[in-house]
$ cat final19.txt   # compact mmCIF, C-alpha atoms and all ligand atoms
# COMPACT_ATOMS: atom_id res chain seq x y z
CA MET F 1 -18.86 -116.25 60.05
CA ASP F 2 -22.41 -116.81 61.24
CA HIS F 3 -22.51 -117.06 65.02
CA ARG F 4 -26.24 -117.32 65.44
CA PRO F 5 -27.20 -120.44 67.36
CA SER F 6 -28.55 -123.38 65.42
CA ALA F 7 -29.45 -126.92 66.34
CA GLY F 8 -26.14 -128.12 64.88
CA ARG F 9 -24.14 -125.61 66.85
CA ARG F 10 -25.98 -126.47 70.04
CA ARG F 11 -25.22 -130.15 69.57
CA ALA F 12 -21.62 -129.24 68.89
CA ALA F 13 -21.54 -127.08 72.00
CA SER F 14 -22.74 -129.85 74.30
CA ALA F 15 -20.25 -132.26 72.74
CA VAL F 16 -17.59 -129.64 73.38
CA ALA F 17 -18.64 -129.30 77.02
CA THR F 18 -18.19 -133.05 77.46
CA GLY F 19 -14.83 -132.79 75.74
CA VAL F 20 -13.78 -129.93 78.00
CA MET F 21 -14.56 -131.99 81.06
CA ALA F 22 -12.59 -134.95 79.70
CA ALA F 23 -9.61 -132.74 78.79
CA VAL F 24 -9.65 -131.16 82.22
CA LEU F 25 -9.74 -134.48 84.01
CA THR F 26 -6.65 -135.69 82.18
CA ALA F 27 -4.51 -132.54 82.27
CA VAL F 28 -4.61 -130.37 85.36
CA PRO F 29 -1.77 -127.84 85.50
CA ALA F 30 -1.02 -125.71 88.51
CA GLY F 31 -2.53 -122.24 88.15
CA ALA F 32 -2.59 -119.03 90.14
CA ALA F 33 -5.66 -118.69 92.31
CA HIS F 34 -8.56 -117.20 90.48
CA ALA F 35 -12.04 -116.15 91.50
CA PHE F 36 -12.99 -114.14 94.49
CA THR F 37 -11.26 -116.00 97.33
CA GLY F 38 -13.44 -118.39 99.31
CA GLY F 39 -13.67 -115.72 101.99
CA ASN F 40 -14.99 -113.14 99.54
CA HIS F 41 -17.50 -115.59 98.08
CA GLU F 42 -18.61 -116.22 101.67
CA GLU F 43 -19.07 -112.54 102.51
CA ILE F 44 -21.03 -111.84 99.34
CA THR F 45 -23.25 -114.88 99.77
CA ARG F 46 -23.96 -114.17 103.45
CA ALA F 47 -24.81 -110.55 102.73
CA ALA F 48 -27.26 -111.55 99.99
CA LEU F 49 -29.28 -114.32 101.67
CA PRO F 50 -31.82 -113.98 104.51
CA TRP F 51 -31.25 -117.58 105.67
CA GLN F 52 -30.80 -119.16 109.10
CA PRO F 53 -27.21 -119.70 110.28
CA LEU F 54 -26.57 -123.42 109.75
CA THR F 55 -28.12 -123.39 106.29
CA LEU F 56 -26.31 -120.20 105.36
CA THR F 57 -22.99 -121.70 106.43
CA ALA F 58 -23.65 -124.81 104.32
CA MET F 59 -24.07 -122.53 101.32
CA ALA F 60 -21.51 -119.82 102.00
CA ASP F 61 -18.60 -121.19 104.05
CA ALA F 62 -15.23 -120.05 102.67
CA ARG F 63 -13.91 -123.59 102.51
CA ASP F 64 -16.80 -126.06 102.61
CA GLY F 65 -19.74 -124.03 101.29
CA ALA F 66 -21.64 -125.07 98.16
CA VAL F 67 -20.86 -121.71 96.57
CA ASN F 68 -17.16 -122.54 96.73
CA ALA F 69 -17.43 -126.09 95.36
CA ASP F 70 -16.55 -124.97 91.83
CA ASP F 71 -13.21 -123.59 92.99
CA ARG F 72 -12.17 -127.22 93.59
CA ARG F 73 -10.62 -129.31 90.85
CA PRO F 74 -11.64 -130.39 88.27
CA TYR F 75 -14.24 -127.58 88.19
CA PHE F 76 -11.56 -124.98 88.95
CA ASP F 77 -9.99 -125.55 85.55
CA ILE F 78 -13.14 -125.13 83.45
CA GLY F 79 -13.24 -121.52 82.24
CA PRO F 80 -17.02 -121.14 81.75
CA LEU F 81 -17.56 -122.05 85.42
CA HIS F 82 -15.75 -118.80 86.29
CA CYS F 83 -16.87 -116.67 83.33
CA ASP F 84 -13.28 -116.60 82.09
CA ASN F 85 -11.93 -116.11 78.53
CA ALA F 86 -14.72 -113.82 77.31
CA ASP F 87 -12.06 -111.22 76.54
CA TYR F 88 -12.35 -108.65 73.79
CA LEU F 89 -11.15 -105.18 72.83
CA ALA F 90 -12.83 -103.18 70.08
CA PRO F 91 -10.68 -102.08 67.08
CA ARG F 92 -10.61 -98.46 68.36
CA TYR F 93 -8.59 -99.76 71.33
CA ASP F 94 -6.64 -102.52 69.61
CA PRO F 95 -7.00 -103.05 65.83
CA ARG F 96 -5.16 -106.39 66.06
CA TYR F 97 -6.95 -107.90 69.03
CA PRO F 98 -6.59 -111.70 68.67
CA ARG F 99 -10.21 -112.61 69.54
CA THR F 100 -13.51 -111.50 68.01
CA ARG F 101 -16.52 -110.08 69.80
CA ALA F 102 -18.47 -113.17 68.72
CA ARG F 103 -15.94 -115.51 70.33
CA ALA F 104 -15.95 -113.51 73.57
CA THR F 105 -19.74 -113.55 73.62
CA ALA F 106 -19.77 -117.33 73.02
CA GLU F 107 -17.59 -117.81 76.12
CA LEU F 108 -19.86 -115.61 78.21
CA LEU F 109 -22.92 -117.48 76.96
CA ALA F 110 -21.26 -120.77 77.97
CA CYS F 111 -20.98 -119.31 81.48
CA VAL F 112 -24.66 -118.29 81.48
CA ARG F 113 -25.68 -121.68 80.06
CA SER F 114 -24.12 -123.60 82.94
CA ALA F 115 -25.89 -121.31 85.44
CA VAL F 116 -29.22 -121.95 83.71
CA ALA F 117 -28.63 -125.71 83.88
CA ARG F 118 -27.81 -125.55 87.61
CA PHE F 119 -30.91 -123.44 88.26
CA ARG F 120 -33.16 -125.96 86.52
CA ASN F 121 -31.55 -128.81 88.46
CA ALA F 122 -32.19 -126.94 91.72
CA VAL F 123 -35.89 -126.42 90.92
CA GLU F 124 -36.20 -130.13 90.15
CA ALA F 125 -34.34 -131.23 93.30
CA ALA F 126 -36.57 -129.04 95.49
CA ASP F 127 -39.50 -131.37 94.70
CA GLY F 128 -38.06 -133.82 97.24
CA LEU F 129 -38.29 -131.33 100.15
CA VAL F 130 -42.08 -131.47 100.50
CA ASP F 131 -44.58 -134.31 100.12
CA ALA F 132 -47.58 -134.31 97.77
CA ASP F 133 -49.84 -132.75 100.43
CA GLY F 134 -47.45 -129.86 101.09
CA ARG F 135 -45.80 -131.24 104.24
CA VAL F 136 -42.08 -130.77 104.75
CA ARG F 137 -40.25 -134.10 104.65
CA ALA F 138 -38.07 -133.85 107.74
CA GLY F 139 -35.36 -136.30 106.69
CA GLN F 140 -34.89 -134.58 103.33
CA SER F 141 -34.21 -131.20 104.93
CA ASP F 142 -32.10 -132.34 107.89
CA LEU F 143 -28.65 -130.73 108.14
CA SER F 144 -27.46 -132.36 111.37
CA THR F 145 -24.71 -134.01 109.34
CA PRO F 146 -22.89 -131.95 106.71
CA CYS F 147 -23.81 -132.07 103.04
CA THR F 148 -21.18 -133.23 100.57
CA TRP F 149 -21.03 -131.62 97.14
CA SER F 150 -20.61 -134.74 95.08
CA GLY F 151 -23.68 -134.42 92.86
CA ARG F 152 -25.13 -137.49 94.61
CA SER F 153 -26.65 -136.16 97.78
CA ASP F 154 -28.73 -138.33 100.09
CA ARG F 155 -30.95 -135.35 101.03
CA ALA F 156 -33.03 -133.04 98.83
CA LYS F 157 -31.91 -129.94 100.73
CA CYS F 158 -28.24 -130.75 100.12
CA ALA F 159 -29.00 -131.35 96.44
CA VAL F 160 -30.72 -127.97 96.09
CA LEU F 161 -27.93 -126.16 97.93
CA GLU F 162 -25.32 -127.81 95.71
CA GLN F 163 -27.06 -126.91 92.47
CA LEU F 164 -27.73 -123.34 93.58
CA GLY F 165 -24.21 -122.88 94.93
CA ARG F 166 -22.52 -124.20 91.82
CA GLY F 167 -24.77 -122.02 89.68
CA TRP F 168 -24.13 -118.90 91.74
CA HIS F 169 -20.35 -119.29 91.91
CA GLN F 170 -19.72 -118.16 88.37
CA ILE F 171 -22.30 -115.42 88.65
CA GLU F 172 -20.35 -113.96 91.58
CA ASP F 173 -17.14 -114.50 89.62
CA PHE F 174 -18.56 -112.54 86.70
CA TYR F 175 -18.44 -109.36 88.79
CA ALA F 176 -14.81 -109.98 89.85
CA HIS F 177 -13.67 -111.20 86.44
CA SER F 178 -15.36 -108.73 84.08
CA ASN F 179 -15.30 -104.99 83.53
CA TRP F 180 -19.08 -104.70 84.11
CA THR F 181 -18.83 -102.66 87.33
CA ASP F 182 -15.31 -101.29 87.26
CA ARG F 183 -13.28 -98.30 86.07
CA ALA F 184 -10.14 -98.31 83.96
CA ALA F 185 -6.93 -96.87 85.34
CA PRO F 186 -5.90 -93.42 84.04
CA GLY F 187 -3.84 -93.61 80.84
CA PRO F 188 -4.23 -95.43 77.55
CA ILE F 189 -6.78 -98.21 77.09
CA GLY F 190 -5.35 -101.52 75.87
CA PRO F 191 -4.98 -105.18 76.80
CA ASP F 192 -3.38 -104.28 80.14
CA ASN F 193 -5.99 -101.60 80.88
CA PRO F 194 -9.33 -102.45 79.27
CA PRO F 195 -12.22 -99.98 79.43
CA GLY F 196 -14.40 -100.11 82.54
CA LEU F 197 -18.16 -100.07 82.08
CA GLY F 198 -18.83 -98.61 85.55
CA ARG F 199 -22.26 -100.26 85.79
CA THR F 200 -24.13 -100.36 89.11
CA ASP F 201 -27.12 -102.46 87.97
CA VAL F 202 -27.30 -106.24 87.86
CA ALA F 203 -26.33 -107.60 84.45
CA PRO F 204 -29.52 -108.02 82.37
CA PHE F 205 -28.06 -111.01 80.52
CA LEU F 206 -27.83 -112.93 83.83
CA ASP F 207 -31.60 -113.22 84.15
CA ILE F 208 -31.22 -116.91 84.93
CA ARG F 209 -34.73 -117.41 86.24
CA ARG F 210 -36.29 -116.08 83.06
CA TYR F 211 -33.87 -117.97 80.83
CA SER F 212 -34.63 -121.20 82.69
CA THR F 213 -38.18 -121.04 81.32
CA MET F 214 -37.09 -120.33 77.73
CA LYS F 215 -35.75 -122.46 74.88
CA GLU F 216 -31.99 -122.16 74.66
CA ALA F 217 -32.04 -120.60 71.18
CA ASP F 218 -34.46 -117.94 72.44
CA TRP F 219 -32.61 -116.90 75.58
CA ILE F 220 -29.30 -116.92 73.75
CA ARG F 221 -30.71 -114.56 71.14
CA ARG F 222 -32.03 -112.32 73.91
CA ALA F 223 -28.80 -112.38 75.95
CA ARG F 224 -26.70 -111.68 72.87
CA GLU F 225 -28.61 -108.43 72.29
CA LEU F 226 -27.97 -107.34 75.88
CA ILE F 227 -24.20 -107.89 76.04
CA PRO F 228 -22.39 -104.56 75.59
CA ALA F 229 -19.79 -104.39 72.81
CA ASP F 230 -17.08 -103.33 75.29
CA LEU F 231 -17.78 -106.02 77.88
CA THR F 232 -14.73 -108.17 78.57
CA THR F 233 -13.63 -110.79 81.06
CA GLY F 234 -10.05 -112.02 81.34
CA CYS F 235 -8.04 -114.66 79.56
CA TYR F 236 -7.03 -117.34 82.07
CA PRO F 237 -5.00 -120.50 81.54
CA ASP F 238 -7.99 -122.78 82.08
CA ALA F 239 -10.02 -124.56 79.40
CA ASP F 240 -12.38 -122.37 77.40
CA SER F 241 -15.68 -123.66 76.02
CA THR F 242 -13.89 -125.30 73.07
CA GLY F 243 -11.45 -127.09 75.37
CA ALA F 244 -8.56 -124.83 74.30
CA ARG F 245 -6.12 -123.25 76.75
CA SER F 246 -4.03 -120.14 76.29
CA PRO F 247 -1.21 -120.59 78.80
CA ASP F 248 0.37 -117.19 78.11
CA CYS F 249 -2.76 -115.25 77.01
CA ARG F 250 -0.47 -113.27 74.67
CA GLY F 251 -1.90 -110.00 73.38
CA ARG F 252 -5.15 -110.49 75.29
CA VAL F 253 -6.86 -108.89 78.27
CA THR F 254 -5.70 -111.18 81.05
CA HIS F 255 -7.28 -112.14 84.32
CA ASN F 256 -4.02 -112.06 86.24
CA ARG F 257 -2.29 -108.98 84.87
CA ALA F 258 -5.18 -106.72 83.85
CA LEU F 259 -8.68 -107.30 85.06
CA ASN F 260 -9.39 -109.35 88.14
CA LYS F 261 -10.82 -107.96 91.35
CA ASP F 262 -10.68 -111.23 93.26
CA THR F 263 -9.24 -109.56 96.36
CA ALA F 264 -8.76 -106.01 97.58
CA ALA F 265 -5.09 -106.36 96.50
CA SER F 266 -5.81 -107.65 92.97
CA VAL F 267 -4.53 -105.79 89.92
CA ARG F 268 -7.75 -104.03 88.94
CA SER F 269 -8.72 -103.36 92.59
CA ARG F 270 -5.96 -100.75 92.65
CA THR F 271 -8.09 -98.38 90.57
CA ASP F 272 -10.68 -96.29 92.38
CA ASP F 273 -13.01 -98.44 94.45
CA ASP F 274 -13.16 -101.20 91.85
CA PHE F 275 -13.07 -103.99 94.45
CA ARG F 276 -16.01 -102.53 96.34
CA ARG F 277 -17.89 -102.11 93.07
CA ALA F 278 -17.36 -105.77 92.19
CA THR F 279 -18.47 -107.08 95.59
CA ALA F 280 -21.50 -104.76 95.68
CA GLY F 281 -22.52 -105.92 92.20
CA ALA F 282 -22.12 -109.59 93.11
CA THR F 283 -24.12 -109.14 96.32
CA ALA F 284 -27.02 -107.40 94.55
CA GLU F 285 -26.89 -110.11 91.92
CA ILE F 286 -27.18 -113.02 94.37
CA THR F 287 -30.06 -111.22 96.08
CA ARG F 288 -31.78 -111.14 92.70
CA GLN F 289 -30.89 -114.76 91.94
CA TRP F 290 -32.39 -115.98 95.23
CA LYS F 291 -35.59 -113.98 94.68
CA GLY F 292 -35.76 -115.50 91.22
CA PHE F 293 -35.39 -118.98 92.66
CA GLU F 294 -38.17 -118.36 95.20
CA ALA F 295 -40.42 -117.16 92.36
CA ALA F 296 -39.54 -120.22 90.29
CA LEU F 297 -40.49 -122.59 93.13
CA ARG F 298 -43.84 -120.84 93.68
CA ALA F 299 -44.55 -121.03 89.96
CA ALA F 300 -43.44 -124.66 89.53
CA TYR F 301 -45.17 -126.03 92.64
CA PRO F 302 -48.39 -124.08 93.29
CA GLU F 303 -50.51 -126.99 94.51
CA HIS F 304 -50.96 -127.14 98.33
CA ARG F 305 -48.56 -124.18 98.45
CA ARG F 306 -45.75 -126.70 98.04
CA GLY F 307 -43.38 -124.09 96.59
CA GLU F 308 -43.89 -121.88 99.63
CA ARG F 309 -43.08 -124.82 101.93
CA MET F 310 -39.95 -125.62 99.91
CA ILE F 311 -38.73 -122.06 100.48
CA CYS F 312 -39.38 -122.42 104.20
CA ALA F 313 -37.53 -125.77 104.27
CA LEU F 314 -34.58 -124.28 102.38
CA THR F 315 -34.14 -121.16 104.51
CA HIS F 316 -34.75 -122.60 108.00
CA ASP F 317 -32.31 -124.76 109.96
CA THR F 318 -34.99 -127.00 111.52
CA PRO F 319 -37.84 -127.03 108.99
CA ALA F 320 -39.64 -129.95 110.68
CA THR F 321 -40.60 -127.56 113.49
CA ALA F 322 -40.24 -124.18 111.75
CA CYS F 323 -42.44 -124.99 108.73
CA PRO F 324 -45.57 -126.66 110.13
ZN ZN F 401 -14.36 -119.16 90.45
$ encode --input "final19.txt" --output "structure tokens"
Amino acid sequence: MDHRPSAGRRRAASAVATGVMAAVLTAVPAGAAHAFTGGNHEEITRAALPWQPLTLTAMADARDGAVNADDRRPYFDIGPLHCDNADYLAPRYDPRYPRTRARATAELLACVRSAVARFRNAVEAADGLVDADGRVRAGQSDLSTPCTWSGRSDRAKCAVLEQLGRGWHQIEDFYAHSNWTDRAAPGPIGPDNPPGLGRTDVAPFLDIRRYSTMKEADWIRRARELIPADLTTGCYPDADSTGARSPDCRGRVTHNRALNKDTAASVRSRTDDDFRRATAGATAEITRQWKGFEAALRAAYPEHRRGERMICALTHDTPATACP
């Protein structure tokens, strides 16, 4: 089967995404917790961002931070928002593995696609932080009352934080939910013990800033070339990008029994320092993502140094006085 992207497939994919959302809203089963816990998302996000305290808390807080908004329903049950279901084992490990490499890659690309969309939304929302002459608009960056993550914020700063946070959530999850950084346990490789890639670099196919400036067909082609053949995430009983669920994940690399490093006590955290590897990878990644966002604002809003002022307004708690 030809898995190269085409206009028809892209249209089908966005129809599918709408369908996934509809399916999720009507059928929400109970599921075991998945993703780094809110507390781990908070630690990673705080370690990565050189922001002032109130703003950093709005982004990172274990319960109410923007980065944790996608662990609330209905978002919790949408696999691509957690980089789930991109599971695969090569024939040398399992000649009868029930999913193809192409299918796994499609799920991972759905995860990247939603991060790209959030990134673009965040760049657009930042326009409201600063007026046409480059002055910070005080009311738009005021955090004296909390932001709500409803997609309909009354302040530009809240809107940017929401889009960034929702886009970063799954990128952090990728490091806890995939074998990118980790090591396999001793013994045979198989669905319960997939290979570990042991990588210490940020994943090159999560270059969201770059992809946000490219046509979808082009970045997908590029990302596809960069995804290693042995990369896997875990099957989870949420909805994959086609809207399908696999409640028992039979015969597959699972999130719950094989691969996740959501906490220090998780199944794959028991091998070596796999939990530390995942958190270190996610932290380096969010550092890169923030630098990419800063660069995108400078590039999108060069006139009157507006992009620079947007960065100041985003990172400071009282921009009206801190960003003259
Ligand atoms: Zn998650």
$ residues_around --input "final19.txt" --residues "Leu297 (chain F)" --least-positions-apart "6" --cutoff "12 Å" --atoms "only C-alpha atoms" --output "PyMOL selection string"
chain F and resi 119-127+129-130+160+209+290-291+303+305-314
$ write_last_selection --input "final19.txt" --atoms "C-alpha atoms" --output "PDB file, keeping the file's coordinate frame"
ATOM      1  CA  PHE F 119     -30.910-123.440  88.260  1.00  0.00           C
ATOM      2  CA  ARG F 120     -33.160-125.960  86.520  1.00  0.00           C
ATOM      3  CA  ASN F 121     -31.550-128.810  88.460  1.00  0.00           C
ATOM      4  CA  ALA F 122     -32.190-126.940  91.720  1.00  0.00           C
ATOM      5  CA  VAL F 123     -35.890-126.420  90.920  1.00  0.00           C
ATOM      6  CA  GLU F 124     -36.200-130.130  90.150  1.00  0.00           C
ATOM      7  CA  ALA F 125     -34.340-131.230  93.300  1.00  0.00           C
ATOM      8  CA  ALA F 126     -36.570-129.040  95.490  1.00  0.00           C
ATOM      9  CA  ASP F 127     -39.500-131.370  94.700  1.00  0.00           C
ATOM     10  CA  LEU F 129     -38.290-131.330 100.150  1.00  0.00           C
ATOM     11  CA  VAL F 130     -42.080-131.470 100.500  1.00  0.00           C
ATOM     12  CA  VAL F 160     -30.720-127.970  96.090  1.00  0.00           C
ATOM     13  CA  ARG F 209     -34.730-117.410  86.240  1.00  0.00           C
ATOM     14  CA  TRP F 290     -32.390-115.980  95.230  1.00  0.00           C
ATOM     15  CA  LYS F 291     -35.590-113.980  94.680  1.00  0.00           C
ATOM     16  CA  GLU F 303     -50.510-126.990  94.510  1.00  0.00           C
ATOM     17  CA  ARG F 305     -48.560-124.180  98.450  1.00  0.00           C
ATOM     18  CA  ARG F 306     -45.750-126.700  98.040  1.00  0.00           C
ATOM     19  CA  GLY F 307     -43.380-124.090  96.590  1.00  0.00           C
ATOM     20  CA  GLU F 308     -43.890-121.880  99.630  1.00  0.00           C
ATOM     21  CA  ARG F 309     -43.080-124.820 101.930  1.00  0.00           C
ATOM     22  CA  MET F 310     -39.950-125.620  99.910  1.00  0.00           C
ATOM     23  CA  ILE F 311     -38.730-122.060 100.480  1.00  0.00           C
ATOM     24  CA  CYS F 312     -39.380-122.420 104.200  1.00  0.00           C
ATOM     25  CA  ALA F 313     -37.530-125.770 104.270  1.00  0.00           C
ATOM     26  CA  LEU F 314     -34.580-124.280 102.380  1.00  0.00           C
TER      27      LEU F 314
END
$ residues_near_ligand --input "final19.txt" --ligand "ligand ZN 401 (chain F)" --cutoff "12 Å" --atoms "all atoms listed in the file" --output "PyMOL selection string"
chain F and resi 32-38+40-41+67-84+111+165-177+236+238+255+260-262
$ atom_distance --input "final19.txt" --atom1 "CA of Ser246 (chain F)" --atom2 "CA of Ala86 (chain F)"
12.5 Å
$ closest_residue --input "final19.txt" --among "F:Arg250, F:Ile208, F:Ala115, F:Pro50" --to "Arg222 (chain F)" --atoms "all atoms listed in the file"
F:Ile208
$ closest_residue --input "final19.txt" --among "F:Asp240, F:Ile220, F:Ala138, F:Val202" --to "Ile286 (chain F)" --atoms "all atoms listed in the file"
F:Val202
$ residues_near_point --input "final19.txt" --point "(-22.8, -120.9, 103.6)" --cutoff "10 Å" --atoms "only C-alpha atoms" --output "list in words"
His41, Glu42, Glu43, Thr45, Arg46, Leu49, Trp51, Gln52, Pro53, Leu54, Thr55, Leu56, Thr57, Ala58, Met59, Ala60, Asp61, Ala62, Arg63, Asp64, Gly65, Ala66, Val67, Asn68, Leu161 and Gly165 of chain F
$ atom_distance --input "final19.txt" --atom1 "CA of Gln289 (chain F)" --atom2 "CA of Leu164 (chain F)"
9.3 Å
$ residues_near_point --input "final19.txt" --point "(-9.9, -103.3, 69.8)" --cutoff "10 Å" --atoms "all atoms listed in the file" --output "JSON list (two decimals) with C-alpha atoms, in the frame of the given file"
[["chain", "number", "residue", "atom", "x", "y", "z"],
["F", 88, "TYR", "CA", -12.35, -108.65, 73.79],
["F", 89, "LEU", "CA", -11.15, -105.18, 72.83],
["F", 90, "ALA", "CA", -12.83, -103.18, 70.08],
["F", 91, "PRO", "CA", -10.68, -102.08, 67.08],
["F", 92, "ARG", "CA", -10.61, -98.46, 68.36],
["F", 93, "TYR", "CA", -8.59, -99.76, 71.33],
["F", 94, "ASP", "CA", -6.64, -102.52, 69.61],
["F", 95, "PRO", "CA", -7.00, -103.05, 65.83],
["F", 96, "ARG", "CA", -5.16, -106.39, 66.06],
["F", 97, "TYR", "CA", -6.95, -107.90, 69.03],
["F", 98, "PRO", "CA", -6.59, -111.70, 68.67],
["F", 99, "ARG", "CA", -10.21, -112.61, 69.54],
["F", 100, "THR", "CA", -13.51, -111.50, 68.01],
["F", 101, "ARG", "CA", -16.52, -110.08, 69.80],
["F", 189, "ILE", "CA", -6.78, -98.21, 77.09],
["F", 190, "GLY", "CA", -5.35, -101.52, 75.87],
["F", 191, "PRO", "CA", -4.98, -105.18, 76.80],
["F", 194, "PRO", "CA", -9.33, -102.45, 79.27],
["F", 230, "ASP", "CA", -17.08, -103.33, 75.29]]
$ axis_aligned_box --input "final19.txt" --around "region 274-277 of chain F" --padding-each-side "5 Å" --output "AutoDock Vina command-line options"
--center_x -15.5 --center_y -102.6 --center_z 94.1 --size_x 14.8 --size_y 12.8 --size_z 14.5
$ residues_around --input "final19.txt" --residues "region 143-148 of chain F" --least-positions-apart "2" --cutoff "9 Å" --atoms "all atoms listed in the file" --output "ChimeraX atom specification"
/F:54-55,58,64,66,139-141,150-155,157-159,161-162,317-318
$ closest_residue --input "final19.txt" --among "F:Asn193, F:Asn179, F:Gln163, F:Ser241" --to "Leu109 (chain F)" --atoms "all atoms listed in the file"
F:Ser241
$ atom_distance --input "final19.txt" --atom1 "CA of Asp131 (chain F)" --atom2 "CA of Tyr301 (chain F)"
11.2 Å
$ closest_residue --input "final19.txt" --among "F:Asp192, F:Asp201, F:Asp248, F:Glu225" --to "Ala102 (chain F)" --atoms "all atoms listed in the file"
F:Glu225
$ closest_residue --input "final19.txt" --among "F:Ala284, F:Ala299, F:Ile44, F:Ala203" --to "Ser178 (chain F)" --atoms "all atoms listed in the file"
F:Ala203
